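Participant: Enclosed is the structure file run_13.txt (compact mmCIF, N, CA and C atoms).
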# COMPACT_ATOMS: atom_id res chain seq x y z
N MET K 1 -22.37 -20.70 -1.50
CA MET K 1 -21.33 -19.73 -1.84
C MET K 1 -21.96 -18.34 -1.91
N ASN K 2 -21.24 -17.33 -1.45
CA ASN K 2 -21.78 -15.99 -1.36
C ASN K 2 -21.51 -15.14 -2.60
N GLY K 3 -21.00 -15.72 -3.66
CA GLY K 3 -20.74 -14.97 -4.86
C GLY K 3 -19.43 -14.21 -4.85
N ARG K 4 -18.63 -14.38 -3.81
CA ARG K 4 -17.35 -13.69 -3.72
C ARG K 4 -16.36 -14.29 -4.71
N ASP K 5 -15.53 -13.43 -5.29
CA ASP K 5 -14.48 -13.90 -6.20
C ASP K 5 -13.55 -14.84 -5.45
N ARG K 6 -13.22 -15.95 -6.07
CA ARG K 6 -12.31 -16.92 -5.45
C ARG K 6 -11.33 -17.42 -6.50
N ASP K 7 -10.13 -17.79 -6.02
CA ASP K 7 -9.14 -18.37 -6.92
C ASP K 7 -9.45 -19.87 -7.06
N PRO K 8 -8.70 -20.60 -7.90
CA PRO K 8 -8.98 -22.02 -8.09
C PRO K 8 -8.88 -22.86 -6.81
N ASP K 9 -8.13 -22.38 -5.81
CA ASP K 9 -8.02 -23.11 -4.54
C ASP K 9 -9.09 -22.69 -3.53
N GLY K 10 -10.00 -21.79 -3.92
CA GLY K 10 -11.08 -21.36 -3.05
C GLY K 10 -10.76 -20.18 -2.16
N ARG K 11 -9.54 -19.62 -2.28
CA ARG K 11 -9.18 -18.45 -1.48
C ARG K 11 -9.88 -17.21 -2.03
N PRO K 12 -10.32 -16.31 -1.14
CA PRO K 12 -11.00 -15.10 -1.61
C PRO K 12 -10.07 -14.22 -2.46
N ARG K 13 -10.61 -13.68 -3.49
CA ARG K 13 -9.92 -12.71 -4.35
C ARG K 13 -10.91 -11.61 -4.66
N ASN K 14 -10.41 -10.47 -5.04
CA ASN K 14 -11.30 -9.39 -5.43
C ASN K 14 -10.91 -8.93 -6.82
N ARG K 15 -11.65 -9.37 -7.77
CA ARG K 15 -11.36 -9.05 -9.16
C ARG K 15 -12.12 -7.82 -9.64
N ARG K 16 -12.89 -7.20 -8.73
CA ARG K 16 -13.62 -6.01 -9.13
C ARG K 16 -12.65 -4.93 -9.57
N PRO K 17 -13.01 -4.18 -10.60
CA PRO K 17 -12.16 -3.06 -10.99
C PRO K 17 -12.12 -2.02 -9.87
N ARG K 18 -11.05 -1.24 -9.86
CA ARG K 18 -10.86 -0.21 -8.83
C ARG K 18 -10.63 1.14 -9.50
N ASP K 19 -11.00 2.19 -8.78
CA ASP K 19 -10.69 3.52 -9.30
C ASP K 19 -9.27 3.90 -8.88
N ALA K 20 -8.83 5.10 -9.23
CA ALA K 20 -7.45 5.52 -8.94
C ALA K 20 -7.16 5.58 -7.45
N PHE K 21 -8.20 5.71 -6.60
CA PHE K 21 -8.01 5.73 -5.15
C PHE K 21 -8.16 4.34 -4.54
N GLY K 22 -8.30 3.31 -5.38
CA GLY K 22 -8.40 1.94 -4.89
C GLY K 22 -9.79 1.52 -4.47
N ARG K 23 -10.78 2.38 -4.69
CA ARG K 23 -12.15 2.02 -4.30
C ARG K 23 -12.73 1.04 -5.32
N PRO K 24 -13.43 0.00 -4.83
CA PRO K 24 -14.04 -0.97 -5.75
C PRO K 24 -15.13 -0.32 -6.60
N LEU K 25 -15.18 -0.72 -7.83
CA LEU K 25 -16.19 -0.26 -8.78
C LEU K 25 -17.11 -1.44 -9.12
N PRO K 26 -18.25 -1.19 -9.74
CA PRO K 26 -19.09 -2.31 -10.18
C PRO K 26 -18.31 -3.23 -11.12
N HIS K 27 -18.69 -4.51 -11.13
CA HIS K 27 -17.98 -5.50 -11.93
C HIS K 27 -17.88 -5.12 -13.41
N ASP K 28 -18.87 -4.42 -13.94
CA ASP K 28 -18.86 -4.09 -15.37
C ASP K 28 -18.21 -2.74 -15.68
N ALA K 29 -17.70 -2.07 -14.66
CA ALA K 29 -17.06 -0.76 -14.85
C ALA K 29 -15.62 -0.95 -15.33
N GLU K 30 -15.09 0.10 -15.92
CA GLU K 30 -13.69 0.08 -16.33
C GLU K 30 -12.87 0.82 -15.29
N GLY K 31 -11.94 0.14 -14.66
CA GLY K 31 -11.10 0.75 -13.63
C GLY K 31 -9.70 0.98 -14.14
N VAL K 32 -8.82 1.36 -13.23
CA VAL K 32 -7.42 1.53 -13.57
C VAL K 32 -6.73 0.17 -13.51
N GLU K 33 -5.57 0.09 -14.12
CA GLU K 33 -4.81 -1.15 -14.13
C GLU K 33 -4.46 -1.55 -12.70
N ARG K 34 -4.61 -2.83 -12.41
CA ARG K 34 -4.36 -3.36 -11.07
C ARG K 34 -3.03 -4.10 -11.04
N VAL K 35 -2.47 -4.21 -9.85
CA VAL K 35 -1.29 -5.03 -9.63
C VAL K 35 -1.76 -6.48 -9.58
N PRO K 36 -1.16 -7.38 -10.36
CA PRO K 36 -1.60 -8.78 -10.33
C PRO K 36 -1.48 -9.37 -8.93
N GLU K 37 -2.45 -10.20 -8.54
CA GLU K 37 -2.47 -10.77 -7.20
C GLU K 37 -1.28 -11.70 -6.93
N ASP K 38 -0.68 -12.24 -7.97
CA ASP K 38 0.46 -13.14 -7.78
C ASP K 38 1.80 -12.42 -7.94
N TYR K 39 1.77 -11.10 -7.96
CA TYR K 39 2.98 -10.30 -8.13
C TYR K 39 3.90 -10.52 -6.93
N ALA K 40 5.14 -10.90 -7.18
CA ALA K 40 6.11 -11.17 -6.11
C ALA K 40 7.43 -10.50 -6.45
N PRO K 41 7.51 -9.18 -6.29
CA PRO K 41 8.72 -8.45 -6.67
C PRO K 41 9.86 -8.65 -5.68
N GLY K 42 11.07 -8.47 -6.18
CA GLY K 42 12.23 -8.40 -5.30
C GLY K 42 12.19 -7.06 -4.57
N ALA K 43 13.10 -6.87 -3.63
CA ALA K 43 13.11 -5.67 -2.80
C ALA K 43 13.27 -4.40 -3.63
N GLU K 44 14.28 -4.35 -4.49
CA GLU K 44 14.53 -3.14 -5.28
C GLU K 44 13.38 -2.85 -6.24
N GLU K 45 12.83 -3.90 -6.85
CA GLU K 45 11.71 -3.72 -7.76
C GLU K 45 10.49 -3.18 -7.01
N ALA K 46 10.23 -3.71 -5.82
CA ALA K 46 9.09 -3.25 -5.03
C ALA K 46 9.24 -1.77 -4.68
N LEU K 47 10.43 -1.37 -4.24
CA LEU K 47 10.64 0.04 -3.89
C LEU K 47 10.53 0.94 -5.10
N SER K 48 11.11 0.53 -6.21
CA SER K 48 11.06 1.33 -7.44
C SER K 48 9.63 1.49 -7.93
N GLU K 49 8.90 0.39 -7.95
CA GLU K 49 7.52 0.44 -8.43
C GLU K 49 6.64 1.24 -7.46
N ALA K 50 6.85 1.11 -6.17
CA ALA K 50 6.09 1.89 -5.20
C ALA K 50 6.36 3.38 -5.39
N ARG K 51 7.61 3.74 -5.61
CA ARG K 51 7.94 5.16 -5.86
C ARG K 51 7.23 5.67 -7.11
N ARG K 52 7.23 4.86 -8.17
CA ARG K 52 6.57 5.26 -9.42
C ARG K 52 5.09 5.49 -9.19
N LEU K 53 4.45 4.59 -8.48
CA LEU K 53 3.01 4.72 -8.23
C LEU K 53 2.71 5.90 -7.31
N LEU K 54 3.57 6.15 -6.34
CA LEU K 54 3.37 7.33 -5.49
C LEU K 54 3.53 8.61 -6.30
N ALA K 55 4.46 8.62 -7.26
CA ALA K 55 4.63 9.79 -8.12
C ALA K 55 3.35 10.06 -8.93
N GLU K 56 2.59 9.01 -9.20
CA GLU K 56 1.31 9.13 -9.91
C GLU K 56 0.16 9.36 -8.94
N GLU K 57 0.47 9.55 -7.65
CA GLU K 57 -0.51 9.72 -6.59
C GLU K 57 -1.48 8.54 -6.53
N ARG K 58 -0.91 7.34 -6.58
CA ARG K 58 -1.68 6.10 -6.51
C ARG K 58 -1.17 5.24 -5.34
N PRO K 59 -1.32 5.73 -4.10
CA PRO K 59 -0.79 4.98 -2.96
C PRO K 59 -1.47 3.64 -2.73
N PHE K 60 -2.74 3.49 -3.11
CA PHE K 60 -3.39 2.18 -2.96
C PHE K 60 -2.66 1.14 -3.78
N HIS K 61 -2.27 1.51 -4.98
CA HIS K 61 -1.59 0.57 -5.87
C HIS K 61 -0.15 0.35 -5.41
N ALA K 62 0.47 1.37 -4.83
CA ALA K 62 1.80 1.19 -4.22
C ALA K 62 1.69 0.19 -3.07
N HIS K 63 0.61 0.28 -2.31
CA HIS K 63 0.37 -0.67 -1.22
C HIS K 63 0.29 -2.10 -1.76
N GLU K 64 -0.37 -2.28 -2.89
CA GLU K 64 -0.49 -3.62 -3.47
C GLU K 64 0.88 -4.18 -3.86
N VAL K 65 1.75 -3.33 -4.39
CA VAL K 65 3.10 -3.75 -4.74
C VAL K 65 3.87 -4.16 -3.48
N LEU K 66 3.81 -3.32 -2.47
CA LEU K 66 4.51 -3.60 -1.21
C LEU K 66 3.94 -4.84 -0.53
N GLU K 67 2.65 -5.03 -0.66
CA GLU K 67 2.01 -6.23 -0.11
C GLU K 67 2.50 -7.48 -0.85
N GLY K 68 2.71 -7.36 -2.17
CA GLY K 68 3.26 -8.49 -2.93
C GLY K 68 4.64 -8.88 -2.42
N ARG K 69 5.45 -7.91 -2.06
CA ARG K 69 6.76 -8.19 -1.48
C ARG K 69 6.61 -8.79 -0.09
N TRP K 70 5.73 -8.21 0.72
CA TRP K 70 5.51 -8.67 2.09
C TRP K 70 5.11 -10.15 2.11
N LYS K 71 4.26 -10.55 1.19
CA LYS K 71 3.77 -11.93 1.18
C LYS K 71 4.80 -12.92 0.68
N ASN K 72 5.89 -12.43 0.08
CA ASN K 72 6.88 -13.33 -0.53
C ASN K 72 8.31 -13.08 -0.07
N CYS K 73 8.49 -12.29 0.96
CA CYS K 73 9.85 -11.93 1.39
C CYS K 73 10.35 -12.90 2.46
N PRO K 74 11.65 -12.87 2.73
CA PRO K 74 12.19 -13.65 3.85
C PRO K 74 11.58 -13.17 5.17
N GLY K 75 11.41 -14.07 6.10
CA GLY K 75 10.78 -13.79 7.39
C GLY K 75 11.25 -12.53 8.10
N PRO K 76 12.57 -12.30 8.19
CA PRO K 76 13.04 -11.11 8.92
C PRO K 76 12.61 -9.77 8.29
N GLU K 77 12.17 -9.79 7.03
CA GLU K 77 11.75 -8.55 6.35
C GLU K 77 10.25 -8.29 6.43
N ARG K 78 9.49 -9.24 6.93
CA ARG K 78 8.02 -9.14 6.86
C ARG K 78 7.47 -7.87 7.50
N GLU K 79 7.95 -7.52 8.67
CA GLU K 79 7.44 -6.33 9.35
C GLU K 79 7.72 -5.06 8.54
N LEU K 80 8.89 -5.01 7.90
CA LEU K 80 9.23 -3.84 7.09
C LEU K 80 8.22 -3.65 5.97
N TRP K 81 8.00 -4.69 5.17
CA TRP K 81 7.12 -4.58 4.01
C TRP K 81 5.67 -4.38 4.42
N GLN K 82 5.26 -5.03 5.50
CA GLN K 82 3.89 -4.83 5.98
C GLN K 82 3.72 -3.39 6.45
N GLY K 83 4.70 -2.87 7.16
CA GLY K 83 4.63 -1.49 7.64
C GLY K 83 4.59 -0.48 6.51
N LEU K 84 5.42 -0.68 5.49
CA LEU K 84 5.39 0.23 4.34
C LEU K 84 4.05 0.17 3.63
N ALA K 85 3.50 -1.04 3.50
CA ALA K 85 2.18 -1.19 2.88
C ALA K 85 1.12 -0.46 3.71
N GLN K 86 1.20 -0.56 5.03
CA GLN K 86 0.22 0.13 5.89
C GLN K 86 0.33 1.64 5.75
N ILE K 87 1.53 2.16 5.62
CA ILE K 87 1.69 3.60 5.44
C ILE K 87 1.03 4.03 4.12
N CYS K 88 1.18 3.23 3.08
CA CYS K 88 0.53 3.55 1.81
C CYS K 88 -0.99 3.46 1.90
N VAL K 89 -1.50 2.52 2.68
CA VAL K 89 -2.95 2.48 2.90
C VAL K 89 -3.38 3.72 3.69
N GLY K 90 -2.56 4.16 4.62
CA GLY K 90 -2.85 5.40 5.33
C GLY K 90 -2.94 6.58 4.36
N LEU K 91 -2.03 6.63 3.40
CA LEU K 91 -2.08 7.68 2.38
C LEU K 91 -3.37 7.59 1.57
N THR K 92 -3.81 6.37 1.31
CA THR K 92 -5.07 6.15 0.59
C THR K 92 -6.23 6.72 1.40
N HIS K 93 -6.25 6.45 2.70
CA HIS K 93 -7.30 6.99 3.55
C HIS K 93 -7.27 8.52 3.53
N LEU K 94 -6.08 9.08 3.53
CA LEU K 94 -5.96 10.54 3.47
C LEU K 94 -6.56 11.07 2.17
N GLN K 95 -6.27 10.41 1.05
CA GLN K 95 -6.86 10.81 -0.24
C GLN K 95 -8.37 10.74 -0.21
N ARG K 96 -8.90 9.76 0.50
CA ARG K 96 -10.35 9.56 0.55
C ARG K 96 -11.03 10.44 1.61
N GLY K 97 -10.25 11.31 2.28
CA GLY K 97 -10.82 12.21 3.26
C GLY K 97 -11.05 11.61 4.63
N ASN K 98 -10.26 10.61 5.00
CA ASN K 98 -10.40 9.95 6.29
C ASN K 98 -9.10 10.10 7.09
N PRO K 99 -8.83 11.29 7.65
CA PRO K 99 -7.56 11.48 8.36
C PRO K 99 -7.44 10.63 9.62
N ARG K 100 -8.55 10.31 10.26
CA ARG K 100 -8.49 9.47 11.46
C ARG K 100 -8.01 8.06 11.12
N GLY K 101 -8.59 7.47 10.08
CA GLY K 101 -8.13 6.15 9.63
C GLY K 101 -6.69 6.20 9.16
N ALA K 102 -6.34 7.30 8.50
CA ALA K 102 -4.96 7.47 8.04
C ALA K 102 -3.99 7.48 9.21
N ALA K 103 -4.33 8.22 10.26
CA ALA K 103 -3.46 8.33 11.43
C ALA K 103 -3.23 6.96 12.06
N THR K 104 -4.28 6.16 12.15
CA THR K 104 -4.16 4.81 12.72
C THR K 104 -3.18 3.97 11.92
N LEU K 105 -3.31 4.00 10.59
CA LEU K 105 -2.43 3.20 9.75
C LEU K 105 -1.01 3.74 9.72
N PHE K 106 -0.85 5.05 9.77
CA PHE K 106 0.50 5.62 9.84
C PHE K 106 1.20 5.15 11.10
N THR K 107 0.49 5.13 12.21
CA THR K 107 1.08 4.69 13.48
C THR K 107 1.46 3.22 13.41
N ARG K 108 0.56 2.39 12.93
CA ARG K 108 0.86 0.95 12.82
C ARG K 108 2.07 0.70 11.91
N GLY K 109 2.06 1.38 10.77
CA GLY K 109 3.17 1.20 9.84
C GLY K 109 4.49 1.68 10.41
N ALA K 110 4.46 2.85 11.04
CA ALA K 110 5.67 3.42 11.64
C ALA K 110 6.22 2.49 12.72
N ASP K 111 5.35 1.93 13.54
CA ASP K 111 5.80 1.00 14.58
C ASP K 111 6.50 -0.21 13.97
N ARG K 112 6.04 -0.67 12.83
CA ARG K 112 6.62 -1.85 12.20
C ARG K 112 7.99 -1.56 11.56
N ILE K 113 8.16 -0.38 10.96
CA ILE K 113 9.37 -0.13 10.18
C ILE K 113 10.48 0.56 10.96
N SER K 114 10.19 1.07 12.15
CA SER K 114 11.15 1.92 12.86
C SER K 114 12.45 1.21 13.22
N GLY K 115 12.48 -0.08 13.31
CA GLY K 115 13.70 -0.80 13.68
C GLY K 115 14.57 -1.24 12.52
N TYR K 116 14.26 -0.79 11.31
CA TYR K 116 14.99 -1.24 10.13
C TYR K 116 16.07 -0.28 9.65
N GLY K 117 16.42 0.71 10.43
CA GLY K 117 17.47 1.66 10.03
C GLY K 117 16.96 2.67 9.03
N MET K 118 17.91 3.47 8.53
CA MET K 118 17.56 4.51 7.57
C MET K 118 17.34 3.89 6.20
N PRO K 119 16.44 4.39 5.40
CA PRO K 119 15.61 5.58 5.58
C PRO K 119 14.30 5.30 6.33
N TYR K 120 14.11 4.05 6.75
CA TYR K 120 12.83 3.66 7.34
C TYR K 120 12.57 4.34 8.68
N GLU K 121 13.62 4.57 9.47
CA GLU K 121 13.43 5.30 10.73
C GLU K 121 12.94 6.72 10.45
N ARG K 122 13.46 7.33 9.41
CA ARG K 122 13.02 8.68 9.05
C ARG K 122 11.57 8.67 8.59
N ILE K 123 11.20 7.67 7.79
CA ILE K 123 9.81 7.55 7.34
C ILE K 123 8.90 7.37 8.55
N ALA K 124 9.33 6.53 9.50
CA ALA K 124 8.52 6.28 10.71
C ALA K 124 8.30 7.58 11.48
N ARG K 125 9.34 8.39 11.61
CA ARG K 125 9.19 9.66 12.34
C ARG K 125 8.22 10.60 11.63
N VAL K 126 8.35 10.69 10.33
CA VAL K 126 7.50 11.59 9.54
C VAL K 126 6.05 11.08 9.51
N ALA K 127 5.89 9.76 9.52
CA ALA K 127 4.55 9.17 9.40
C ALA K 127 3.59 9.68 10.46
N HIS K 128 4.09 9.99 11.63
CA HIS K 128 3.21 10.42 12.72
C HIS K 128 2.55 11.77 12.46
N GLY K 129 3.04 12.55 11.52
CA GLY K 129 2.41 13.84 11.22
C GLY K 129 1.77 13.90 9.85
N LEU K 130 1.79 12.81 9.11
CA LEU K 130 1.26 12.82 7.75
C LEU K 130 -0.23 13.11 7.70
N ASP K 131 -0.97 12.68 8.72
CA ASP K 131 -2.42 12.87 8.71
C ASP K 131 -2.81 14.35 8.80
N GLU K 132 -1.86 15.20 9.15
CA GLU K 132 -2.14 16.64 9.24
C GLU K 132 -1.81 17.37 7.93
N MET K 133 -1.30 16.63 6.95
CA MET K 133 -0.95 17.21 5.66
C MET K 133 -2.07 16.99 4.65
N GLU K 134 -2.03 17.76 3.58
CA GLU K 134 -2.87 17.52 2.41
C GLU K 134 -2.36 16.22 1.77
N ALA K 135 -3.25 15.44 1.19
CA ALA K 135 -2.91 14.12 0.67
C ALA K 135 -1.73 14.17 -0.31
N GLY K 136 -1.77 15.07 -1.27
CA GLY K 136 -0.69 15.14 -2.26
C GLY K 136 0.66 15.43 -1.63
N GLU K 137 0.67 16.30 -0.64
CA GLU K 137 1.91 16.64 0.07
C GLU K 137 2.43 15.43 0.85
N ALA K 138 1.54 14.70 1.52
CA ALA K 138 1.94 13.53 2.29
C ALA K 138 2.48 12.43 1.38
N ILE K 139 1.83 12.22 0.25
CA ILE K 139 2.28 11.21 -0.71
C ILE K 139 3.68 11.57 -1.21
N ALA K 140 3.86 12.83 -1.57
CA ALA K 140 5.17 13.28 -2.07
C ALA K 140 6.25 13.11 -1.01
N ARG K 141 5.91 13.37 0.23
CA ARG K 141 6.89 13.25 1.34
C ARG K 141 7.33 11.80 1.52
N VAL K 142 6.39 10.87 1.51
CA VAL K 142 6.74 9.46 1.65
C VAL K 142 7.59 9.01 0.46
N ARG K 143 7.18 9.40 -0.74
CA ARG K 143 7.94 9.02 -1.94
C ARG K 143 9.38 9.55 -1.85
N GLU K 144 9.53 10.78 -1.43
CA GLU K 144 10.84 11.40 -1.30
C GLU K 144 11.74 10.62 -0.34
N LEU K 145 11.18 10.11 0.74
CA LEU K 145 11.96 9.40 1.74
C LEU K 145 12.17 7.93 1.40
N LEU K 146 11.30 7.38 0.59
CA LEU K 146 11.38 5.97 0.23
C LEU K 146 12.52 5.77 -0.74
Once more with this new file: its structure as structure tokens, please.
Facilitator:
Amino acid sequence: MNGRDRDPDGRPRNRRPRDAFGRPLPHDAEGVERVPEDYAPGAEEALSEARRLLAEERPFHAHEVLEGRWKNCPGPERELWQGLAQICVGLTHLQRGNPRGAATLFTRGADRISGYGMPYERIARVAHGLDEMEAGEAIARVRELL
């Protein structure tokens, strides 16, 4: 075994604390509160919680909420939730000073959500220019449209 965190069924988990930008910290460090790995929100709860976390400029944690929905939603919704999660990871890359990585994730996310109607089509259109914005401005823009 490589010392990686695992759940009782042997699946990989990452219990390391994280900073506000979602970066892993040493095991003994104190990080920010994390979204539980078994979190399975309904659609409205996921959107509400993601908006709250974006308002706190915590897109990594918003991504975790959206990922919780993605992993537990009905099949026809999977692309939507995965795409929204990818856009939030793109925002995280922007916060960390990686606009190139952000642009890649914004494109992937936009491609996934563009067929779900409004407001997701609008988010998809805006996503293509988010990498050219300052991180706080981009986060606020996504939150406003979500």
Participant: May I have the residues within 6 Å of range 73-85 of chain K as a count of residues only, using all atoms listed in the file and disregarding those fewer than 3 positions away in the same chain?
Facilitator: 13
Participant: So how far away is CA of Asp28 in chain K from CA of Arg16 in chain K, in Å?
Facilitator: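 Interatomic distance here is 8.4 Å.
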Participant: May I have a table of the residues of range 68-105 of chain K lying at most 8 Å from range 129-142 of chain K, giving each one's closest pair of atoms and their distance in Å to one decimal, counting all atoms listed in the file, ordered by chain and ascending residue number, as a tab-separated table?
Facilitator:
residue	atom	partner	partner_atom	distance
K:Gly90	C	K:Asp131	CA	7.7
K:Leu91	CA	K:Ile139	N	6.4
K:Thr92	N	K:Ala135	CA	7.8
K:His93	C	K:Ala135	CA	7.7
K:Leu94	C	K:Ala135	CA	5.0
K:Gln95	N	K:Ala135	CA	5.0
K:Arg96	N	K:Ala135	CA	7.4
K:Asn98	C	K:Asp131	CA	7.4
K:Pro99	CA	K:Asp131	CA	5.3
K:Arg100	N	K:Asp131	CA	6.8
K:Gly101	C	K:Asp131	CA	7.9
K:Ala102	C	K:Asp131	CA	5.6
K:Ala103	N	K:Asp131	CA	5.3
K:Thr104	N	K:Asp131	CA	7.8
Participant: What is the distance between atom N of Phe60 in chain K and atom C of Asp19 in chain K, in Å to one decimal?
Facilitator: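 Between atom N of Phe60 in chain K and atom C of Asp19 in chain K the gap works out to 8.7 Å.
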Participant: List every residue of range 5-146 of chain K that DSSP, applied to the backbone of this structure, assigns to helix (DSSP H, G or I), and report them as a PyMOL selection string.
Facilitator: chain K and resi 43-55+59-70+75-95+99-116+120-127+130-132+135-145
Participant: What does the distance from atom C of Glu64 in chain K to CA of Gln86 in chain K come to in Å, to one decimal?
Facilitator: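 Between these atoms lies a distance of 10.7 Å.
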Participant: Under the rule that only C-alpha atoms are counted, which of K:Gly97, K:His27, K:Glu144, K:Tyr120 is the nearest residue to Leu54 in chain K?
Facilitator: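 Comparing K:Gly97, K:His27, K:Glu144, K:Tyr120 against Leu54 in chain K, the winner is K:Glu144.
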Participant: Which residue gives the smallest distance to Arg18 in chain K among K:Arg143, K:Glu33, K:Ile87, K:Gly117, with all atoms listed in the file counted?
Facilitator: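 Going through K:Arg143, K:Glu33, K:Ile87, K:Gly117 one by one, the smallest distance to Arg18 in chain K is for K:Glu33.
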Participant: Of the candidates K:Ile123, K:Phe21, K:Arg58, K:Val65, which shows the shortest atom-to-atom distance to Ala46 in chain K, using all atoms listed in the file?
Facilitator: K:Val65
Participant: Please report, as lines of an AutoDock Vina configuration file, the centre and edge lengths in Å to one decimal of an axis-aligned box covering all listed atoms of range 132-146 of chain K with 4 Å per side.
Facilitator:
center_x = 4.6
center_y = 11.8
center_z = 3.5
size_x = 23.8
size_y = 20.0
size_z = 19.5
Participant: Taking the backbone alone, and naming residues the way the document does, which bits of chain K are strand (DSSP E or B) by DSSP, as a compact mmCIF listing (two decimals) with N, CA and C atoms, keeping the file's coordinate frame?
Facilitator:
# COMPACT_ATOMS: atom_id res chain seq x y z
N ARG K 6 -13.22 -15.95 -6.07
CA ARG K 6 -12.31 -16.92 -5.45
C ARG K 6 -11.33 -17.42 -6.50
N PRO K 12 -10.32 -16.31 -1.14
CA PRO K 12 -11.00 -15.10 -1.61
C PRO K 12 -10.07 -14.22 -2.46
N ARG K 18 -11.05 -1.24 -9.86
CA ARG K 18 -10.86 -0.21 -8.83
C ARG K 18 -10.63 1.14 -9.50
N PRO K 24 -13.43 0.00 -4.83
CA PRO K 24 -14.04 -0.97 -5.75
C PRO K 24 -15.13 -0.32 -6.60
N VAL K 32 -8.82 1.36 -13.23
CA VAL K 32 -7.42 1.53 -13.57
C VAL K 32 -6.73 0.17 -13.51
Participant: Which is closest to Lys71 in chain K among K:Glu49, K:Ala40, K:Pro26, K:Ala55, if we use only N, CA and C atoms?
Facilitator: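 Going through K:Glu49, K:Ala40, K:Pro26, K:Ala55 one by one, the smallest distance to Lys71 in chain K is for K:Ala40.
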Participant: Rank nothing, just name the residue among K:Leu146, K:Gly22, K:Thr107, K:Pro119 nearest to Arg51 in chain K, using all atoms listed in the file.
Facilitator: K:Leu146
